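Text of start-v8.txt (compact mmCIF, C-alpha atoms and all ligand atoms) as supplied:
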# COMPACT_ATOMS: atom_id res chain seq x y z
CA MET A 96 91.83 96.07 131.45
CA THR A 97 92.34 93.02 133.64
CA GLY A 98 89.64 91.65 135.91
CA PRO A 99 86.58 89.55 135.37
CA GLU A 100 85.74 90.48 131.79
CA LEU A 101 89.11 89.40 130.44
CA ALA A 102 89.10 86.24 132.60
CA GLU A 103 85.62 85.33 131.35
CA ALA A 104 86.53 86.04 127.73
CA GLY A 105 89.71 83.99 128.19
CA ARG A 106 87.68 81.10 129.59
CA LEU A 107 85.30 81.24 126.59
CA LEU A 108 88.21 81.28 124.12
CA ALA A 109 90.05 78.43 125.86
CA ALA A 110 86.84 76.35 125.71
CA ALA A 111 86.23 77.10 122.00
CA ARG A 112 87.14 74.77 119.15
CA ARG A 113 85.51 76.52 116.14
CA PRO A 114 85.75 80.27 116.87
CA VAL A 115 84.94 82.98 114.36
CA VAL A 116 86.89 86.25 114.48
CA PHE A 117 84.87 89.03 112.76
CA THR A 118 86.77 92.28 112.14
CA GLY A 119 86.16 95.86 111.04
CA ALA A 120 88.19 99.01 110.52
CA GLY A 121 89.07 99.31 114.21
CA MET A 122 91.26 96.22 113.80
CA SER A 123 93.67 98.26 111.66
CA ALA A 124 93.34 101.62 113.45
CA GLU A 125 96.53 101.11 115.50
CA SER A 126 98.38 100.33 112.25
CA GLY A 127 97.57 103.90 111.14
CA VAL A 128 94.80 102.94 108.69
CA PRO A 129 91.91 105.40 109.28
CA THR A 130 88.54 103.85 110.12
CA PHE A 131 85.49 104.74 108.03
CA ARG A 132 84.21 106.87 110.85
CA ASP A 133 87.52 108.68 111.25
CA ALA A 134 87.66 112.05 109.51
CA GLN A 135 89.09 111.91 106.04
CA THR A 136 92.36 113.78 105.48
CA GLY A 137 93.63 116.17 102.82
CA LEU A 138 91.59 116.53 99.64
CA TRP A 139 89.25 113.79 100.80
CA GLN A 140 87.95 115.79 103.77
CA ARG A 141 85.38 117.23 101.39
CA TYR A 142 83.88 113.83 100.66
CA ASP A 143 81.71 111.40 102.60
CA PRO A 144 83.33 107.95 102.24
CA GLN A 145 79.92 106.40 101.76
CA GLU A 146 79.41 108.66 98.74
CA LEU A 147 82.82 107.97 97.21
CA ALA A 148 82.43 104.21 97.70
CA THR A 149 79.59 103.87 95.14
CA PRO A 150 79.28 102.88 91.46
CA ALA A 151 77.59 106.25 90.79
CA ALA A 152 80.60 108.19 92.11
CA PHE A 153 82.95 106.16 89.90
CA ARG A 154 80.77 106.69 86.84
CA ALA A 155 80.55 110.43 87.59
CA ASP A 156 84.28 110.94 88.25
CA PRO A 157 86.50 107.85 87.79
CA ALA A 158 89.72 109.83 88.46
CA LEU A 159 88.44 111.15 91.80
CA VAL A 160 87.38 107.71 93.03
CA TRP A 161 90.47 105.89 91.65
CA GLY A 162 92.68 108.58 93.25
CA TRP A 163 90.97 108.00 96.61
CA TYR A 164 91.57 104.27 96.48
CA GLU A 165 95.18 104.71 95.37
CA ALA A 166 95.70 107.08 98.33
CA ARG A 167 94.24 104.44 100.67
CA ARG A 168 96.28 101.64 99.05
CA HIS A 169 99.49 103.64 99.46
CA GLY A 170 98.54 104.25 103.09
CA VAL A 171 98.12 100.50 103.62
CA LEU A 172 101.46 99.79 101.87
CA ARG A 173 103.12 101.99 104.50
CA ALA A 174 101.21 100.34 107.37
CA ARG A 175 102.29 97.29 109.40
CA PRO A 176 100.16 94.63 111.09
CA ASN A 177 99.67 95.49 114.79
CA PRO A 178 99.79 93.13 117.82
CA GLY A 179 96.03 92.63 117.36
CA HIS A 180 96.51 91.13 113.88
CA ARG A 181 99.23 88.84 115.25
CA ALA A 182 97.04 87.75 118.15
CA VAL A 183 94.31 86.73 115.68
CA ALA A 184 96.93 84.65 113.84
CA ALA A 185 97.97 83.12 117.19
CA ILE A 186 94.35 82.10 117.86
CA GLN A 187 94.13 80.47 114.41
CA ALA A 188 97.49 78.74 114.98
CA ARG A 189 96.21 77.32 118.28
CA LEU A 190 92.70 76.50 116.93
CA PRO A 191 93.03 75.54 113.23
CA GLU A 192 89.23 75.59 112.70
CA THR A 193 89.19 79.33 113.43
CA VAL A 194 87.53 81.32 110.61
CA VAL A 195 88.55 84.97 110.24
CA ILE A 196 85.91 87.14 108.52
CA THR A 197 86.79 90.75 107.67
CA GLN A 198 85.04 93.82 106.31
CA ASN A 199 88.44 95.46 105.79
CA VAL A 200 89.95 95.95 102.34
CA ASP A 201 93.54 96.24 103.63
CA ASP A 202 95.90 93.21 103.56
CA LEU A 203 97.01 93.43 107.20
CA HIS A 204 95.42 90.14 108.29
CA GLU A 205 97.43 88.29 105.65
CA ARG A 206 100.62 90.19 106.56
CA GLY A 207 99.82 89.53 110.22
CA GLY A 208 99.78 85.74 109.70
CA VAL A 209 96.21 84.88 108.64
CA PRO A 210 96.66 83.52 105.10
CA ALA A 211 93.05 83.47 103.88
CA PRO A 212 90.54 85.60 105.72
CA VAL A 213 86.96 85.60 104.34
CA ARG A 214 86.77 89.01 102.62
CA LEU A 215 83.20 90.35 102.65
CA HIS A 216 84.00 93.72 101.05
CA GLY A 217 86.87 92.86 98.71
CA SER A 218 90.44 94.14 98.67
CA LEU A 219 92.50 97.19 97.67
CA PHE A 220 94.88 94.76 95.97
CA ALA A 221 92.54 93.13 93.43
CA PRO A 222 91.66 95.73 90.75
CA ARG A 223 89.53 94.57 87.80
CA CYS A 224 87.91 95.99 84.69
CA SER A 225 84.71 97.94 85.43
CA ALA A 226 83.13 96.51 82.23
CA CYS A 227 84.40 92.96 81.56
CA ALA A 228 85.68 92.22 85.12
CA ARG A 229 89.02 91.08 83.74
CA PRO A 230 91.57 91.16 86.60
CA ALA A 231 94.00 94.06 86.20
CA SER A 232 97.57 94.37 87.48
CA LEU A 233 98.25 96.89 90.22
CA PRO A 234 99.92 100.07 89.07
CA SER A 235 103.61 99.29 89.37
CA ASP A 236 104.37 101.59 92.28
CA LEU A 237 107.73 100.26 93.19
CA PRO A 238 109.33 96.83 93.75
CA PRO A 239 108.23 95.42 97.16
CA SER A 240 111.73 95.92 98.61
CA ALA A 241 111.74 99.68 98.11
CA ASP A 242 110.19 102.14 100.56
CA PRO A 243 106.48 102.61 100.06
CA PRO A 244 105.56 105.25 97.48
CA GLU A 245 104.99 108.85 98.49
CA PRO A 246 101.41 109.37 99.65
CA HIS A 247 99.17 110.04 96.69
CA ASP A 248 96.59 112.71 97.37
CA GLY A 249 94.41 113.69 94.42
CA PRO A 250 92.45 112.55 91.37
CA LEU A 251 94.22 109.94 89.24
CA ASP A 252 93.00 108.50 85.96
CA PRO A 253 92.37 104.77 86.35
CA PRO A 254 94.32 102.52 83.99
CA ALA A 255 92.51 101.07 80.97
CA CYS A 256 91.56 97.39 80.83
CA GLY A 257 94.05 95.36 78.79
CA GLY A 258 91.13 93.50 77.24
CA CYS A 259 88.32 95.95 76.41
CA GLY A 260 89.91 99.30 77.25
CA ALA A 261 87.28 100.28 79.82
CA PRO A 262 88.42 101.93 83.10
CA VAL A 263 89.84 99.60 85.75
CA ARG A 264 88.08 99.84 89.15
CA PRO A 265 89.19 98.86 92.69
CA GLY A 266 88.27 95.26 93.68
CA VAL A 267 86.11 96.39 96.59
CA VAL A 268 82.34 96.09 97.21
CA TRP A 269 80.71 99.48 96.85
CA PHE A 270 77.52 100.58 98.63
CA GLY A 271 74.55 99.29 96.64
CA GLU A 272 76.58 96.38 95.29
CA ALA A 273 76.05 92.76 96.28
CA LEU A 274 78.71 91.08 98.40
CA PRO A 275 80.63 88.22 96.74
CA SER A 276 78.23 85.31 97.26
CA ALA A 277 80.98 82.76 98.02
CA ALA A 278 82.37 84.97 100.81
CA LEU A 279 78.94 85.76 102.24
CA ASP A 280 77.96 82.07 102.18
CA ALA A 281 81.24 81.08 103.86
CA ALA A 282 80.71 83.76 106.54
CA VAL A 283 77.14 82.72 107.30
CA GLU A 284 78.17 79.05 107.40
CA ALA A 285 81.06 79.75 109.78
CA ALA A 286 78.90 81.94 112.05
CA SER A 287 76.19 79.25 112.07
CA GLY A 288 78.64 76.54 113.18
CA CYS A 289 80.91 78.48 115.54
CA ASP A 290 81.15 77.95 119.32
CA LEU A 291 82.40 81.50 119.95
CA LEU A 292 82.31 84.71 117.88
CA LEU A 293 84.86 87.43 118.58
CA THR A 294 83.82 90.76 117.00
CA VAL A 295 86.65 93.31 116.81
CA GLY A 296 86.60 97.00 115.85
CA THR A 297 83.33 97.28 114.01
CA SER A 298 80.48 99.77 114.45
CA ALA A 299 78.16 97.06 113.06
CA LEU A 300 76.26 99.60 110.95
CA VAL A 301 76.95 98.24 107.46
CA HIS A 302 74.71 95.43 106.19
CA PRO A 303 74.56 92.55 105.51
CA ALA A 304 77.99 92.19 107.22
CA ALA A 305 76.58 93.47 110.53
CA GLU A 306 74.26 90.45 110.65
CA ILE A 307 77.09 87.93 110.98
CA PRO A 308 77.46 88.29 114.78
CA LEU A 309 73.66 88.05 115.10
CA VAL A 310 73.68 84.71 113.23
CA ALA A 311 76.12 83.28 115.80
CA ALA A 312 74.18 84.69 118.78
CA ARG A 313 70.85 83.41 117.42
CA LEU A 314 72.35 79.90 117.29
CA GLY A 315 73.55 80.11 120.91
CA ALA A 316 77.25 80.87 120.44
CA PRO A 317 78.70 83.34 122.99
CA VAL A 318 79.79 86.66 121.43
CA VAL A 319 82.75 88.63 122.80
CA GLN A 320 83.25 92.22 121.56
CA VAL A 321 86.49 94.23 121.47
CA ASN A 322 85.77 97.95 120.96
CA PRO A 323 86.72 101.05 122.98
CA VAL A 324 83.10 102.28 122.74
CA PRO A 325 79.62 100.72 122.89
CA THR A 326 78.05 99.53 119.61
CA PRO A 327 74.65 98.08 118.60
CA LEU A 328 76.19 94.64 119.35
CA ASP A 329 76.62 95.28 123.09
CA ALA A 330 73.27 93.69 123.94
CA ILE A 331 74.07 90.33 122.35
CA CYS A 332 77.58 90.07 123.86
CA ALA A 333 78.52 87.77 126.74
CA VAL A 334 81.57 90.00 127.34
CA ASN A 335 82.44 93.53 126.14
CA LEU A 336 86.18 94.24 126.25
CA ARG A 337 86.36 98.04 126.17
CA GLY A 338 89.74 98.83 124.72
CA PRO A 339 91.90 98.88 121.56
CA ALA A 340 92.35 95.66 119.60
CA GLY A 341 96.14 95.95 119.69
CA GLU A 342 96.06 95.65 123.49
CA MET A 343 92.91 93.62 124.15
CA LEU A 344 93.58 90.74 121.74
CA PRO A 345 97.10 89.86 123.00
CA ALA A 346 95.73 90.12 126.58
CA LEU A 347 92.83 87.83 125.63
CA VAL A 348 95.21 85.22 124.14
CA ARG A 349 97.29 85.33 127.33
CA ALA A 350 94.12 85.00 129.44
CA ALA A 351 93.04 81.93 127.44
CA TRP A 352 96.46 80.31 127.20
CA PRO A 353 98.84 81.70 129.84
CA ASP A 354 101.72 79.78 128.23
CA ALA A 355 100.95 81.09 124.73
CA ASP A 356 103.07 83.55 122.79
CA ALA A 357 100.37 86.08 121.82
CA GLY A 358 102.11 86.72 118.47
C1 LIG B 1 73.98 95.94 99.42
C2 LIG B 1 84.37 98.49 100.85
C3 LIG B 1 72.27 95.36 97.91
C4 LIG B 1 84.59 99.76 100.14
C5 LIG B 1 82.39 98.78 102.27
C6 LIG B 1 69.94 97.05 105.85
C7 LIG B 1 69.76 98.09 106.72
C8 LIG B 1 70.29 99.36 106.40
C9 LIG B 1 71.03 99.59 105.24
C10 LIG B 1 71.21 98.55 104.39
C11 LIG B 1 70.67 97.29 104.68
N1 LIG B 1 71.02 96.46 103.67
C12 LIG B 1 71.76 97.14 102.74
C13 LIG B 1 71.89 98.43 103.16
C14 LIG B 1 72.64 99.45 102.45
C15 LIG B 1 74.15 99.44 102.78
C16 LIG B 1 74.37 99.75 104.24
O1 LIG B 1 74.58 98.88 105.06
N2 LIG B 1 74.31 101.06 104.55
C17 LIG B 1 74.54 101.48 105.94
C18 LIG B 1 75.69 102.46 105.98
C19 LIG B 1 73.32 102.10 106.48
N3 LIG B 1 74.76 98.17 102.43
C20 LIG B 1 75.19 98.01 101.15
O2 LIG B 1 75.09 98.86 100.29
C21 LIG B 1 75.80 96.67 100.82
N4 LIG B 1 75.29 96.19 99.56
O3 LIG B 1 73.18 96.01 100.32
O4 LIG B 1 73.65 95.60 98.14
C22 LIG B 1 72.22 94.43 96.84
C23 LIG B 1 71.89 93.14 97.13
C24 LIG B 1 71.79 92.24 96.08
C25 LIG B 1 72.01 92.66 94.76
C26 LIG B 1 72.40 93.97 94.52
C27 LIG B 1 72.54 94.87 95.56
C28 LIG B 1 77.35 96.80 100.60
C29 LIG B 1 78.02 97.30 101.81
C30 LIG B 1 79.56 97.27 101.61
C31 LIG B 1 80.11 98.62 101.31
N5 LIG B 1 81.58 98.59 101.24
N6 LIG B 1 83.75 98.72 102.15
C32 LIG B 1 85.60 100.66 100.81
O5 LIG B 1 86.19 100.25 101.83
O6 LIG B 1 85.79 101.75 100.28
S1 LIG B 1 81.69 99.07 103.82
C33 LIG B 1 82.97 99.79 104.76
O7 LIG B 1 82.33 100.49 105.77
C34 LIG B 1 83.90 98.84 105.46
O8 LIG B 1 84.21 97.72 104.70
C35 LIG B 1 83.08 98.46 106.68
O9 LIG B 1 82.19 97.43 106.41
C36 LIG B 1 82.27 99.69 106.93
C37 LIG B 1 82.84 100.47 108.04
O10 LIG B 1 82.42 99.85 109.19
P1 LIG B 1 83.51 99.39 110.30
O11 LIG B 1 84.51 98.49 109.69
O12 LIG B 1 82.72 98.93 111.43
O13 LIG B 1 84.28 100.75 110.62
P2 LIG B 1 83.73 102.06 111.30
O14 LIG B 1 84.68 103.11 110.93
O15 LIG B 1 82.29 102.23 111.05
O16 LIG B 1 83.88 101.76 112.88
C38 LIG B 1 85.12 101.49 113.41
C39 LIG B 1 84.85 100.89 114.78
O17 LIG B 1 86.12 100.53 115.34
C40 LIG B 1 84.19 101.86 115.75
O18 LIG B 1 83.17 101.19 116.46
C41 LIG B 1 85.32 102.27 116.68
O19 LIG B 1 84.87 102.52 117.99
C42 LIG B 1 86.20 101.04 116.66
N7 LIG B 1 87.62 101.27 116.92
C43 LIG B 1 88.34 102.39 116.66
N8 LIG B 1 89.66 102.18 117.02
C44 LIG B 1 89.72 100.91 117.51
C45 LIG B 1 88.42 100.33 117.44
N9 LIG B 1 88.16 99.07 117.83
C46 LIG B 1 89.21 98.34 118.33
N10 LIG B 1 90.49 98.83 118.41
C47 LIG B 1 90.77 100.10 118.03
N11 LIG B 1 92.02 100.55 118.13
ZN ZN B 2 87.61 95.07 80.33

Reformat the file's structure so that it appears as structure tokens.
Amino acid sequence: MTGPELAEAGRLLAAARRPVVFTGAGMSAESGVPTFRDAQTGLWQRYDPQELATPAAFRADPALVWGWYEARRHGVLRARPNPGHRAVAAIQARLPETVVITQNVDDLHERGGVPAPVRLHGSLFAPRCSACARPASLPSDLPPSADPPEPHDGPLDPPACGGCGAPVRPGVVWFGEALPSAALDAAVEAASGCDLLLTVGTSALVHPAAEIPLVAARLGAPVVQVNPVPTPLDAICAVNLRGPAGEMLPALVRAAWPDADAG
């Protein structure tokens, strides 16, 4: 994609001082991390992610749900940030007031150069006790230097809490659970004060996260969307860049700052 859309989006980015970059699963698709909409693989094909990602599912079958998250965590360990993640880091390097807000539970923004994204839905790398919330250490797969562990594909008993002995759970926000208030407050504050919101790779169907771009639009900030397909956000966007994040974001950085290294 070249042409007017990219030029216009580049102009908006070059003019911004306090942009927000809001990301969803599509941001990590080109790193090989399946999106929520993508079909599940292996054993997990039989399960609807929205059913597995609930407190009820964990209560009913902790080993099934823990196994699913360990399979996803191993998948992320084998993944690498893509040029899209690095372009987001390049934007933040150029505009230090940039706030990156993600719905993703992978750690690819951090590995791609964004040290502290606002995490609305938690992380695969922050397990805690399901009873006393005591932080738990990650199962010692292998030392970081070694090759990532073989893909895990099946139920796995969660470790017991070192404090109270209850099952450890993944540090993610499940459906029906409240978002961490500090993260949600930081996201709403950033969206309320931004002068551009870039929404990347989200279907904007999960709430309250999906309201963040609306907050920015309601307060007059231009919204630019990167997604290969239309979403409910199309109508509020000044520009829709129809393509994959790994290609569109580096192109956008080059359009905004022709001299820039897009990361
Ligand atoms: C709550 C962590 C109450 C776990 C996740 C209002 C209206 C309707 C429903 C609700 C509402 N308010 C609340 C609800 C219920 C529910 C909800 O939103 N349901 C929806 C599904 C209808 N929300 C909740 O339950 C929330 N909690 O409301 O609690 C409460 C309040 C106070 C006190 C007590 C309780 C909690 C929601 C969080 C759930 N956890 N993740 C885990 O990961 O396992 S959500 C999870 O799904 C992800 O984090 C993400 O947010 C979402 C998936 O969405 P996307 O990231 O957008 O990904 P998706 O696959 O959908 O789309 C990918 C997109 O990328 C596509 O558009 C595709 O075209 C595009 N794409 C593909 N490839 C590329 C690409 N784009 C660019 N480049 C590419 N290469
Ligand atoms: Zn405990």

Shell of 9 Å around region 323-331 of chain A, only C-alpha atoms, local chain residues under 6 positions omitted, as an MDAnalysis selection string: chainID A and resid 294 296:300 305 308:309 312 317 337:340

If the box runs along x, y and z of the file and leaves 3 Å on each side of ligand LIG 1 (chain B), what are its centre and edge lengths in Å, one decimal, as lines of an AutoDock Vina configuration file?
center_x = 80.9
center_y = 97.7
center_z = 106.5
size_x = 28.3
size_y = 16.9
size_z = 29.9

Selection near Glu205 (chain A), 10 Å with all atoms listed in the file, sequence-local residues under 6 positions removed, as a list in words: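 The contact residues come out as Pro176, His180, Arg181, Ala184, Ala211 and Pro212 of chain A.
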
Atoms to include: C-alpha atoms. Write the selected residues as a CSV table (one decimal), in the coordinates of the input.
chain,number,residue,atom,x,y,z
A,176,PRO,CA,100.2,94.6,111.1
A,180,HIS,CA,96.5,91.1,113.9
A,181,ARG,CA,99.2,88.8,115.2
A,184,ALA,CA,96.9,84.6,113.8
A,211,ALA,CA,93.0,83.5,103.9
A,212,PRO,CA,90.5,85.6,105.7

Two-atom distance - CA of Ala278 (chain A), CA of Ile196 (chain A) (Å):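 Between CA of Ala278 (chain A) and CA of Ile196 (chain A) the gap is 8.8 Å.
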
Within-7 Å residues of ligand LIG 1 (chain B), basis only C-alpha atoms and all ligand atoms, as a ChimeraX atom specification: /A:119-122,124-125,130-133,144,148,198-200,216-217,267-274,295-304,321-324,326,338-341

Selected residue of minimal separation from Leu336 (chain A) among A:Val348, A:Ser218, A:Val319, A:Asp143, counting all atoms listed in the file: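 Comparing A:Val348, A:Ser218, A:Val319, A:Asp143 against Leu336 (chain A), the winner is A:Val319.
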
Atom pair CA of Val128 (chain A) / CA of Ala182 (chain A): separation (Å):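 One can read the CA of Val128 (chain A) to CA of Ala182 (chain A) distance as 18.0 Å.
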
Using all atoms listed in the file, find each residue in chain A having at least one atom no more than 9 Å away from ligand ZN 2 (chain B); report its shortest atom-to-atom pair and that distance in Å (one decimal), rows by chain then rising number, as CSV.
residue,atom,partner,partner_atom,distance
A:Arg223,CA,B:ZN2,ZN,7.7
A:Cys224,CA,B:ZN2,ZN,4.5
A:Ser225,CA,B:ZN2,ZN,6.5
A:Ala226,CA,B:ZN2,ZN,5.1
A:Cys227,CA,B:ZN2,ZN,4.0
A:Ala228,CA,B:ZN2,ZN,5.9
A:Arg229,CA,B:ZN2,ZN,5.4
A:Pro230,CA,B:ZN2,ZN,8.4
A:Ala231,CA,B:ZN2,ZN,8.7
A:Ala255,CA,B:ZN2,ZN,7.8
A:Cys256,CA,B:ZN2,ZN,4.6
A:Gly257,CA,B:ZN2,ZN,6.6
A:Gly258,CA,B:ZN2,ZN,4.9
A:Cys259,CA,B:ZN2,ZN,4.1
A:Gly260,CA,B:ZN2,ZN,5.7
A:Ala261,CA,B:ZN2,ZN,5.2
A:Pro262,CA,B:ZN2,ZN,7.4
A:Val263,CA,B:ZN2,ZN,7.4

Nearest to Asp248 (chain A) by atom-to-atom distance, counting all atoms listed in the file, from A:Leu147, A:Leu107, A:Ala166, A:Ala152: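 So, comparing all the options, the nearest one is A:Ala166.
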
Neighbour list for Gly98 (chain A) as a list in words, cut-off 12 Å, only C-alpha atoms, skip fewer than 3 positions in-chain: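 Once the adjacent positions are removed, what remains is Leu101, Ala102, Glu103, Ala104, Gly105, Val334, Leu336, Ala346, Leu347 and Ala350 of chain A.
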
Please, could all heavy atoms be added to region 167-176 of chain A and the result written as a tab-separated table (two decimals), in the frame of the given file?
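To be explicit, this is the file written out as result.tsv:
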chain	number	residue	atom	x	y	z
A	167	ARG	N	94.43	105.40	99.57
A	167	ARG	CA	94.24	104.44	100.67
A	167	ARG	C	95.19	103.26	100.51
A	167	ARG	O	95.76	102.76	101.49
A	167	ARG	CB	92.78	103.98	100.70
A	167	ARG	CG	91.81	105.08	101.13
A	167	ARG	CD	90.36	104.65	100.97
A	167	ARG	NE	90.04	103.47	101.77
A	167	ARG	CZ	88.87	102.83	101.66
A	167	ARG	NH1	87.95	103.26	100.78
A	167	ARG	NH2	88.60	101.77	102.40
A	168	ARG	N	95.39	102.79	99.27
A	168	ARG	CA	96.28	101.64	99.05
A	168	ARG	C	97.71	102.01	99.44
A	168	ARG	O	98.40	101.24	100.11
A	168	ARG	CB	96.21	101.19	97.59
A	168	ARG	CG	96.91	99.87	97.29
A	168	ARG	CD	96.64	99.39	95.89
A	168	ARG	NE	97.22	100.27	94.88
A	168	ARG	CZ	98.47	100.20	94.48
A	168	ARG	NH1	99.28	99.28	95.02
A	168	ARG	NH2	98.95	101.01	93.57
A	169	HIS	N	98.14	103.21	99.08
A	169	HIS	CA	99.49	103.64	99.46
A	169	HIS	C	99.61	103.73	100.98
A	169	HIS	O	100.63	103.37	101.56
A	169	HIS	CB	99.82	105.00	98.82
A	169	HIS	CG	100.04	104.90	97.34
A	169	HIS	ND1	100.18	105.99	96.52
A	169	HIS	CD2	100.11	103.81	96.51
A	169	HIS	CE1	100.33	105.61	95.28
A	169	HIS	NE2	100.30	104.28	95.23
A	170	GLY	N	98.53	104.18	101.62
A	170	GLY	CA	98.54	104.25	103.09
A	170	GLY	C	98.71	102.86	103.69
A	170	GLY	O	99.48	102.65	104.64
A	171	VAL	N	98.02	101.88	103.10
A	171	VAL	CA	98.12	100.50	103.62
A	171	VAL	C	99.51	99.93	103.33
A	171	VAL	O	100.08	99.22	104.17
A	171	VAL	CB	97.01	99.62	103.00
A	171	VAL	CG1	97.26	98.15	103.30
A	171	VAL	CG2	95.64	100.05	103.51
A	172	LEU	N	100.10	100.28	102.19
A	172	LEU	CA	101.46	99.79	101.87
A	172	LEU	C	102.45	100.26	102.93
A	172	LEU	O	103.41	99.57	103.27
A	172	LEU	CB	101.89	100.29	100.49
A	172	LEU	CG	101.27	99.59	99.28
A	172	LEU	CD1	101.64	100.33	97.98
A	172	LEU	CD2	101.70	98.14	99.20
A	173	ARG	N	102.18	101.46	103.49
A	173	ARG	CA	103.12	101.99	104.50
A	173	ARG	C	102.79	101.48	105.90
A	173	ARG	O	103.55	101.69	106.83
A	173	ARG	CB	103.04	103.53	104.51
A	173	ARG	CG	103.75	104.20	103.34
A	173	ARG	CD	103.96	105.68	103.59
A	173	ARG	NE	102.71	106.32	103.97
A	173	ARG	CZ	101.76	106.63	103.12
A	173	ARG	NH1	101.92	106.34	101.85
A	173	ARG	NH2	100.66	107.19	103.49
A	174	ALA	N	101.64	100.80	106.04
A	174	ALA	CA	101.21	100.34	107.37
A	174	ALA	C	101.80	98.97	107.68
A	174	ALA	O	102.26	98.26	106.77
A	174	ALA	CB	99.68	100.27	107.41
A	175	ARG	N	101.82	98.62	108.96
A	175	ARG	CA	102.29	97.29	109.40
A	175	ARG	C	101.22	96.64	110.26
A	175	ARG	O	100.50	97.34	110.99
A	175	ARG	CB	103.56	97.45	110.24
A	175	ARG	CG	104.75	98.07	109.48
A	175	ARG	CD	105.52	97.00	108.70
A	175	ARG	NE	106.53	97.59	107.79
A	175	ARG	CZ	106.27	98.07	106.58
A	175	ARG	NH1	105.00	98.07	106.14
A	175	ARG	NH2	107.22	98.56	105.81
A	176	PRO	N	101.12	95.30	110.19
A	176	PRO	CA	100.16	94.63	111.09
A	176	PRO	C	100.47	95.03	112.53
A	176	PRO	O	101.62	95.28	112.88
A	176	PRO	CB	100.44	93.14	110.87
A	176	PRO	CG	101.16	93.06	109.56
A	176	PRO	CD	101.91	94.34	109.40
